[in-house]
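Below you'll find the structure, written out as structure tokens, and then a few comments.
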Amino acid sequence: MLVEIKDAPFEPYQCLLDYQANAGFAGKYGATAAFVGTMREFNQGDDVEAMLLEHYPGMTEKYLEKISAEAATKWNILDSLIVHRIGEMLPNDPIVLVAVWSAHRAEAFDASRYLMEELKSRAPFWKKERLAEQTRWVEKKT
Amino acid sequence: MLVEIKDAPFEPYQCLLDYQANAGFAGKYGATAAFVGTMREFNQGDDVEAMLLEHYPGMTEKYLEKISAEAATKWNILDSLIVHRIGEMLPNDPIVLVAVWSAHRAEAFDASRYLMEELKSRAPFWKKERLAEQTRWVEKKT
Amino acid sequence: MTTKAVITVKFFASLREHVGQTEAEVAESGMKSVADVWSQATNNMALPENTLMAVNMEYVDSSCTVKAGDEVAFFPPVTGG
Amino acid sequence: MTTKAVITVKFFASLREHVGQTEAEVAESGMKSVADVWSQATNNMALPENTLMAVNMEYVDSSCTVKAGDEVAFFPPVTGG
């Protein structure tokens, strides 16, 4: 179980493979469910040139570790990985990776979605978008 | 939208990245949901040394293309990719990749799970396991 | 038309081993349904429960009618993914 | 104990800009709740609706009691992922 905050661009699938290669569950996992959130070049009808992702250092990690532990309690999974970007980013940059490994698929699907929903609803990250003429804080919608 | 059958080991995340790099949706996807099925080294309490994956050439592709088209009708997604292995394989070999891209996460989660469930329930593939002392066809369970 | 007046039959996986053949051709004359194709191709073996059937690579049930040139396939429940 | 008799207050994102400060320290004396910390740190600004609050990096509500040495944070609804 690992939570990582990255302040520079990262390759989510490479992170996943690196973690998987060093984890203790080789041969035991039949299912990997991975979700990657990526920065879009538009939002709410406007072109977005760049984005600043602020977070609450310390609380972010604590919260993500808490939901990872919860997922491991709720479902029979082998392991999970969360990587989240912070700082200045550009369209097409990966923002977040959530990956879950389990013996069978239902648990990986359920747990990865749970982690993403909990992350979106409560993890202390905030997005500020830079448009052509202004910057704006993204307002919560989901 | 792409369906591929591979008769040799493949790297699912590299397939995903290659497809994504050449697809027309750069800048438009905020969500990628990927599922990878991997061969385990045990099944139903027995060590599995190898597995042969048989399929129905022609019908497999037709069926997978049909469910891909259905997913694109049911959900507002940007694209999907299914890659499935056939032939002789070993523990830790990837068996299947399903990836879905969409603007927002719910659609990618829902559509990827739909594709996996439909693939598991009706795509004409059959697994034959080689154990230490015998071979056996895997019996359907889900 | 003589060369076309046959139906191609395919068997897969455990069902292929059970019937002891991979592929067969049966004459079209007098057959009406996928069930008839099974009987003729297998010398009236019992159709195992849960057998899945396809005509021209689309799922059908055993009452589906067939015609010359069709490809009919029989196979056990699938276990891919 | 004098150096510890304070509460550290943090503000994030749009709320940080709204209150015009990133971090503050307030004396612990006489405060009972997170709401009191907000009032003292912001000179009695109104607490915006939907503000989220944490004490020592755990979510709490505004009635949560605080003590010297605590870190209290105020921030808007989160938008990560």
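In the structure tokens, chains take letters A, B, ... by order of appearance, with residues numbered from 1 within each chain and ligands from 1 in the order shown.
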
Worksheet item: So which residues touch Met57 in chain D within 12 Å, counting only C-alpha atoms, skipping near sequence neighbours fewer than 5 positions away, as number ranges by chain?
Response: A: 56-64, 66, 122-124; D: 8-10, 52, 70-75

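Counting only C-alpha atoms, every residue of chain A that comes within 12 Å of chain C is listed here: Gly30, Ala31, His104 and Arg105 of chain A.
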
Fill in: Minimum-distance residue to chain B, chosen among A:Ile77, A:Leu131, A:Leu119, A:Ala99 (using only C-alpha atoms)
A:Ala99

Could you build a table of the residues in chain A lying no more than 7 Å from chain B, giving for each the nearest pair of atoms and their separation in Å rounded to one decimal place, using only C-alpha atoms, ordered by chain and ascending residue number, as CSV?
```
residue,atom,partner,partner_atom,distance
A:Tyr13,CA,B:Tyr13,CA,6.2
A:Ala26,CA,B:Asn92,CA,6.8
A:Gly27,CA,B:Arg40,CA,4.8
A:Lys28,CA,B:Arg40,CA,5.3
A:Tyr29,CA,B:Arg40,CA,6.0
A:Gly30,CA,B:Thr38,CA,4.6
A:Ala31,CA,B:Gly37,CA,4.8
A:Thr32,CA,B:Val36,CA,5.1
A:Ala33,CA,B:Phe35,CA,4.6
A:Ala34,CA,B:Ala34,CA,5.1
A:Phe35,CA,B:Ala33,CA,4.6
A:Val36,CA,B:Thr32,CA,5.1
A:Gly37,CA,B:Ala31,CA,4.8
A:Thr38,CA,B:Gly30,CA,4.6
A:Met39,CA,B:Gly30,CA,5.8
A:Arg40,CA,B:Gly27,CA,4.8
A:Glu41,CA,B:Gly27,CA,4.9
A:Pro91,CA,B:Gly27,CA,6.0
A:Asn92,CA,B:Gly27,CA,5.4
```

Once you have the residues from the selection above, write them out as a CSV table (one decimal), in the first residue's frame, restricted to N, CA and C atoms.
```csv
chain,number,residue,atom,x,y,z
A,13,TYR,N,1.5,4.8,-15.7
A,13,TYR,CA,1.6,3.4,-16.0
A,13,TYR,C,3.0,2.8,-15.6
A,26,ALA,N,3.3,-11.1,-6.7
A,26,ALA,CA,3.5,-11.7,-8.1
A,26,ALA,C,2.9,-13.1,-8.0
A,27,GLY,N,2.2,-13.5,-9.1
A,27,GLY,CA,1.6,-14.8,-9.2
A,27,GLY,C,0.2,-14.9,-8.5
A,28,LYS,N,-0.1,-13.9,-7.7
A,28,LYS,CA,-1.3,-14.0,-6.9
A,28,LYS,C,-2.5,-13.1,-7.4
A,29,TYR,N,-2.1,-12.2,-8.2
A,29,TYR,CA,-3.1,-11.2,-8.6
A,29,TYR,C,-3.7,-11.6,-10.0
A,30,GLY,N,-5.0,-11.7,-10.1
A,30,GLY,CA,-5.6,-12.0,-11.4
A,30,GLY,C,-6.2,-10.7,-12.0
A,31,ALA,N,-6.3,-9.7,-11.2
A,31,ALA,CA,-7.0,-8.5,-11.6
A,31,ALA,C,-6.3,-7.2,-11.1
A,32,THR,N,-6.1,-6.3,-12.0
A,32,THR,CA,-5.6,-4.9,-11.7
A,32,THR,C,-6.6,-3.9,-12.3
A,33,ALA,N,-7.1,-3.1,-11.5
A,33,ALA,CA,-8.0,-2.0,-12.0
A,33,ALA,C,-7.3,-0.7,-11.7
A,34,ALA,N,-7.1,0.0,-12.8
A,34,ALA,CA,-6.3,1.3,-12.7
A,34,ALA,C,-7.2,2.4,-13.2
A,35,PHE,N,-7.1,3.5,-12.5
A,35,PHE,CA,-7.8,4.8,-13.0
A,35,PHE,C,-6.7,5.9,-13.1
A,36,VAL,N,-6.7,6.5,-14.3
A,36,VAL,CA,-5.8,7.7,-14.4
A,36,VAL,C,-6.7,8.9,-14.8
A,37,GLY,N,-6.5,10.0,-14.0
A,37,GLY,CA,-7.1,11.3,-14.3
A,37,GLY,C,-6.1,12.1,-15.0
A,38,THR,N,-6.5,12.8,-16.0
A,38,THR,CA,-5.6,13.5,-16.9
A,38,THR,C,-6.2,15.0,-17.1
A,39,MET,N,-5.3,15.9,-17.1
A,39,MET,CA,-5.7,17.3,-17.3
A,39,MET,C,-6.3,17.5,-18.7
A,40,ARG,N,-7.5,18.0,-18.8
A,40,ARG,CA,-8.1,18.3,-20.1
A,40,ARG,C,-7.7,19.8,-20.5
A,41,GLU,N,-7.8,20.0,-21.8
A,41,GLU,CA,-7.5,21.3,-22.3
A,41,GLU,C,-8.7,22.3,-22.3
A,91,PRO,N,-2.1,20.8,-20.0
A,91,PRO,CA,-3.1,19.8,-20.6
A,91,PRO,C,-2.4,18.5,-21.0
A,92,ASN,N,-3.0,17.4,-20.8
A,92,ASN,CA,-2.5,16.1,-21.1
A,92,ASN,C,-1.6,15.5,-20.0
```

Worksheet item: Between D:Val60, D:Ala41, D:Val78, D:Val66, which one has atoms that come closest to Lys120 in chain A, using only C-alpha atoms?
Response: D:Val78

Report chain D as a JSON list (two decimals) with C-alpha atoms, in the first residue's frame in the frame of chain C, after least-squares superposition over all C-alpha atoms paired in order.
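out-v8.json was written with the following content:
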```json
[["chain", "number", "residue", "atom", "x", "y", "z"],
["D", 1, "MET", "CA", -24.73, -25.10, -56.11],
["D", 2, "THR", "CA", -23.68, -28.57, -55.01],
["D", 3, "THR", "CA", -20.52, -27.33, -53.34],
["D", 4, "LYS", "CA", -22.55, -24.88, -51.27],
["D", 5, "ALA", "CA", -25.28, -27.26, -50.08],
["D", 6, "VAL", "CA", -23.43, -28.05, -46.89],
["D", 7, "ILE", "CA", -23.26, -26.60, -43.42],
["D", 8, "THR", "CA", -19.91, -26.22, -41.71],
["D", 9, "VAL", "CA", -19.91, -27.31, -38.08],
["D", 10, "LYS", "CA", -17.28, -26.36, -35.50],
["D", 11, "PHE", "CA", -16.66, -27.60, -31.98],
["D", 12, "PHE", "CA", -14.49, -25.88, -29.40],
["D", 13, "ALA", "CA", -12.65, -26.58, -26.17],
["D", 14, "SER", "CA", -13.98, -29.36, -23.91],
["D", 15, "LEU", "CA", -16.91, -29.95, -26.27],
["D", 16, "ARG", "CA", -14.48, -30.53, -29.15],
["D", 17, "GLU", "CA", -12.78, -33.21, -27.05],
["D", 18, "HIS", "CA", -16.14, -34.64, -26.00],
["D", 19, "VAL", "CA", -17.42, -35.11, -29.54],
["D", 20, "GLY", "CA", -13.98, -36.07, -30.83],
["D", 21, "GLN", "CA", -13.96, -33.70, -33.78],
["D", 22, "THR", "CA", -12.97, -30.12, -34.48],
["D", 23, "GLU", "CA", -14.89, -29.43, -37.65],
["D", 24, "ALA", "CA", -17.42, -31.23, -39.77],
["D", 25, "GLU", "CA", -19.52, -30.66, -42.83],
["D", 26, "VAL", "CA", -23.04, -31.93, -43.01],
["D", 27, "ALA", "CA", -25.42, -31.94, -45.94],
["D", 28, "GLU", "CA", -28.07, -29.28, -45.74],
["D", 29, "SER", "CA", -30.94, -31.46, -46.97],
["D", 30, "GLY", "CA", -33.78, -31.97, -44.55],
["D", 31, "MET", "CA", -32.28, -30.03, -41.61],
["D", 32, "LYS", "CA", -34.23, -27.27, -40.04],
["D", 33, "SER", "CA", -32.56, -26.24, -36.82],
["D", 34, "VAL", "CA", -29.25, -25.97, -35.01],
["D", 35, "ALA", "CA", -30.38, -28.97, -32.93],
["D", 36, "ASP", "CA", -30.71, -30.98, -36.14],
["D", 37, "VAL", "CA", -27.19, -29.97, -37.16],
["D", 38, "TRP", "CA", -25.86, -31.16, -33.80],
["D", 39, "SER", "CA", -27.60, -34.54, -34.15],
["D", 40, "GLN", "CA", -26.41, -35.15, -37.67],
["D", 41, "ALA", "CA", -22.81, -33.99, -37.03],
["D", 42, "THR", "CA", -22.44, -36.04, -33.84],
["D", 43, "ASN", "CA", -24.35, -39.14, -34.81],
["D", 44, "ASN", "CA", -27.12, -38.32, -32.39],
["D", 45, "MET", "CA", -25.01, -37.73, -29.29],
["D", 46, "ALA", "CA", -26.89, -36.08, -26.45],
["D", 47, "LEU", "CA", -26.39, -32.31, -26.44],
["D", 48, "PRO", "CA", -24.63, -31.48, -23.16],
["D", 49, "GLU", "CA", -26.43, -29.07, -20.91],
["D", 50, "ASN", "CA", -25.15, -25.48, -21.09],
["D", 51, "THR", "CA", -23.78, -25.91, -24.60],
["D", 52, "LEU", "CA", -23.60, -22.56, -26.38],
["D", 53, "MET", "CA", -24.45, -22.30, -30.06],
["D", 54, "ALA", "CA", -23.66, -19.81, -32.77],
["D", 55, "VAL", "CA", -24.69, -19.48, -36.40],
["D", 56, "ASN", "CA", -22.35, -17.42, -38.53],
["D", 57, "MET", "CA", -20.62, -16.26, -35.35],
["D", 58, "GLU", "CA", -23.74, -14.91, -33.67],
["D", 59, "TYR", "CA", -25.24, -16.51, -30.58],
["D", 60, "VAL", "CA", -28.47, -18.40, -31.25],
["D", 61, "ASP", "CA", -30.56, -21.00, -29.49],
["D", 62, "SER", "CA", -31.03, -24.58, -30.64],
["D", 63, "SER", "CA", -34.27, -23.86, -32.46],
["D", 64, "CYS", "CA", -32.63, -21.37, -34.82],
["D", 65, "THR", "CA", -33.08, -22.40, -38.46],
["D", 66, "VAL", "CA", -30.07, -22.92, -40.66],
["D", 67, "LYS", "CA", -29.41, -22.87, -44.37],
["D", 68, "ALA", "CA", -26.73, -24.11, -46.77],
["D", 69, "GLY", "CA", -23.49, -22.19, -46.40],
["D", 70, "ASP", "CA", -24.01, -21.42, -42.71],
["D", 71, "GLU", "CA", -21.30, -21.98, -40.13],
["D", 72, "VAL", "CA", -22.69, -23.54, -36.97],
["D", 73, "ALA", "CA", -20.58, -23.71, -33.82],
["D", 74, "PHE", "CA", -21.02, -25.56, -30.52],
["D", 75, "PHE", "CA", -19.00, -24.78, -27.44],
["D", 76, "PRO", "CA", -19.04, -24.88, -23.63],
["D", 77, "PRO", "CA", -19.53, -21.85, -21.36],
["D", 78, "VAL", "CA", -16.73, -19.38, -22.01],
["D", 79, "THR", "CA", -13.87, -18.72, -19.58],
["D", 80, "GLY", "CA", -11.81, -15.89, -21.07],
["D", 81, "GLY", "CA", -10.65, -12.62, -19.53]]
```

Would you list the contacts of Glu54 in chain B as a compact mmCIF listing (two decimals) with N, CA, C and O atoms, in the first residue's frame, taking every protein, DNA or RNA residue within 7 Å and counting only C-alpha atoms, but skipping same-chain residues closer than 4 positions in sequence?
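Okay, this is what ended up in selection-v3.txt:
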```
# COMPACT_ATOMS: atom_id res chain seq x y z
N ILE B 86 -4.22 -15.07 -26.59
CA ILE B 86 -4.59 -16.48 -26.83
C ILE B 86 -3.31 -17.32 -26.84
O ILE B 86 -2.21 -16.78 -26.82
N GLY B 87 -3.48 -18.63 -26.87
CA GLY B 87 -2.33 -19.52 -26.97
C GLY B 87 -1.79 -19.95 -25.62
O GLY B 87 -2.45 -19.83 -24.59
N PHE B 125 -13.80 -17.55 -25.52
CA PHE B 125 -12.45 -17.96 -25.10
C PHE B 125 -12.62 -19.09 -24.09
O PHE B 125 -13.57 -19.08 -23.31
N TRP B 126 -11.65 -20.01 -24.09
CA TRP B 126 -11.68 -21.11 -23.12
C TRP B 126 -10.29 -21.36 -22.59
O TRP B 126 -9.33 -21.42 -23.38
N LYS B 127 -10.20 -21.55 -21.28
CA LYS B 127 -8.90 -21.78 -20.64
C LYS B 127 -8.72 -23.25 -20.29
O LYS B 127 -9.60 -23.86 -19.69
N ALA C 13 -13.04 -26.37 -27.57
CA ALA C 13 -12.66 -26.59 -26.17
C ALA C 13 -13.10 -27.97 -25.68
O ALA C 13 -12.94 -28.97 -26.40
```

Practice prompt. Would you please give, as an MDAnalysis selection string, all residues of chain A that DSSP assigns to helix (DSSP H, G or I) based on the backbone?
Written response: chainID A and resid 12:22 59:74 105:122

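Going from CA of Asn22 in chain A to CA of Asn76 in chain A covers 20.2 Å.
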
Worksheet item: Per DSSP on the backbone, what are the strand (DSSP E or B) residues of chain C, as a list in words?
Response: Val6, Ile7, Thr8, Val9, Lys10, Phe11, Glu23, Ala24, Glu25, Val26, Ala27, Ser33, Leu52, Met53, Ala54, Val55, Glu58, Tyr59, Val60, Thr65, Glu71, Val72, Ala73, Phe74 and Phe75 of chain C

N, CA and C atoms of the current selection, written as a CSV table (one decimal), in the first residue's frame:
```csv
chain,number,residue,atom,x,y,z
C,6,VAL,N,-23.9,-27.4,-48.2
C,6,VAL,CA,-23.4,-28.0,-46.9
C,6,VAL,C,-23.4,-27.0,-45.8
C,7,ILE,N,-23.4,-27.5,-44.6
C,7,ILE,CA,-23.2,-26.6,-43.4
C,7,ILE,C,-21.9,-27.0,-42.7
C,8,THR,N,-21.2,-26.0,-42.4
C,8,THR,CA,-19.9,-26.2,-41.7
C,8,THR,C,-20.2,-26.2,-40.2
C,9,VAL,N,-19.6,-27.2,-39.5
C,9,VAL,CA,-19.9,-27.3,-38.1
C,9,VAL,C,-18.6,-27.3,-37.4
C,10,LYS,N,-18.5,-26.5,-36.3
C,10,LYS,CA,-17.3,-26.4,-35.5
C,10,LYS,C,-17.6,-26.7,-34.0
C,11,PHE,N,-16.6,-27.3,-33.4
C,11,PHE,CA,-16.6,-27.6,-32.0
C,11,PHE,C,-15.4,-27.0,-31.3
C,23,GLU,N,-14.1,-30.1,-36.6
C,23,GLU,CA,-14.9,-29.4,-37.6
C,23,GLU,C,-15.5,-30.5,-38.5
C,24,ALA,N,-16.7,-30.3,-38.9
C,24,ALA,CA,-17.4,-31.2,-39.8
C,24,ALA,C,-18.2,-30.5,-40.8
C,25,GLU,N,-18.6,-31.2,-41.9
C,25,GLU,CA,-19.5,-30.7,-42.8
C,25,GLU,C,-20.7,-31.6,-42.9
C,26,VAL,N,-21.9,-31.1,-42.9
C,26,VAL,CA,-23.0,-31.9,-43.0
C,26,VAL,C,-23.9,-31.4,-44.2
C,27,ALA,N,-24.5,-32.3,-44.8
C,27,ALA,CA,-25.4,-31.9,-45.9
C,27,ALA,C,-26.6,-31.1,-45.4
C,33,SER,N,-33.0,-27.0,-38.0
C,33,SER,CA,-32.5,-26.2,-36.8
C,33,SER,C,-31.1,-26.6,-36.4
C,52,LEU,N,-23.3,-23.8,-25.7
C,52,LEU,CA,-23.6,-22.6,-26.4
C,52,LEU,C,-23.5,-22.8,-27.9
C,53,MET,N,-24.3,-22.1,-28.6
C,53,MET,CA,-24.4,-22.3,-30.1
C,53,MET,C,-24.4,-21.0,-30.8
C,54,ALA,N,-23.7,-21.0,-31.9
C,54,ALA,CA,-23.7,-19.8,-32.8
C,54,ALA,C,-23.9,-20.2,-34.2
C,55,VAL,N,-24.6,-19.3,-35.0
C,55,VAL,CA,-24.7,-19.5,-36.4
C,55,VAL,C,-24.0,-18.2,-37.0
C,58,GLU,N,-22.8,-15.6,-34.6
C,58,GLU,CA,-23.7,-14.9,-33.7
C,58,GLU,C,-24.4,-15.9,-32.8
C,59,TYR,N,-24.5,-15.6,-31.5
C,59,TYR,CA,-25.2,-16.5,-30.6
C,59,TYR,C,-26.7,-16.8,-31.0
C,60,VAL,N,-27.1,-18.0,-31.0
C,60,VAL,CA,-28.5,-18.4,-31.3
C,60,VAL,C,-28.9,-19.5,-30.2
C,65,THR,N,-33.1,-21.7,-37.2
C,65,THR,CA,-33.1,-22.4,-38.5
C,65,THR,C,-31.8,-22.1,-39.2
C,71,GLU,N,-22.3,-21.4,-41.1
C,71,GLU,CA,-21.3,-22.0,-40.1
C,71,GLU,C,-21.9,-22.1,-38.8
C,72,VAL,N,-22.0,-23.3,-38.3
C,72,VAL,CA,-22.7,-23.5,-37.0
C,72,VAL,C,-21.6,-24.0,-36.0
C,73,ALA,N,-21.6,-23.4,-34.8
C,73,ALA,CA,-20.6,-23.7,-33.8
C,73,ALA,C,-21.2,-24.1,-32.5
C,74,PHE,N,-20.6,-25.1,-31.8
C,74,PHE,CA,-21.0,-25.6,-30.5
C,74,PHE,C,-19.8,-25.4,-29.6
C,75,PHE,N,-20.1,-24.9,-28.4
C,75,PHE,CA,-19.0,-24.8,-27.5
C,75,PHE,C,-19.5,-24.7,-26.0
```
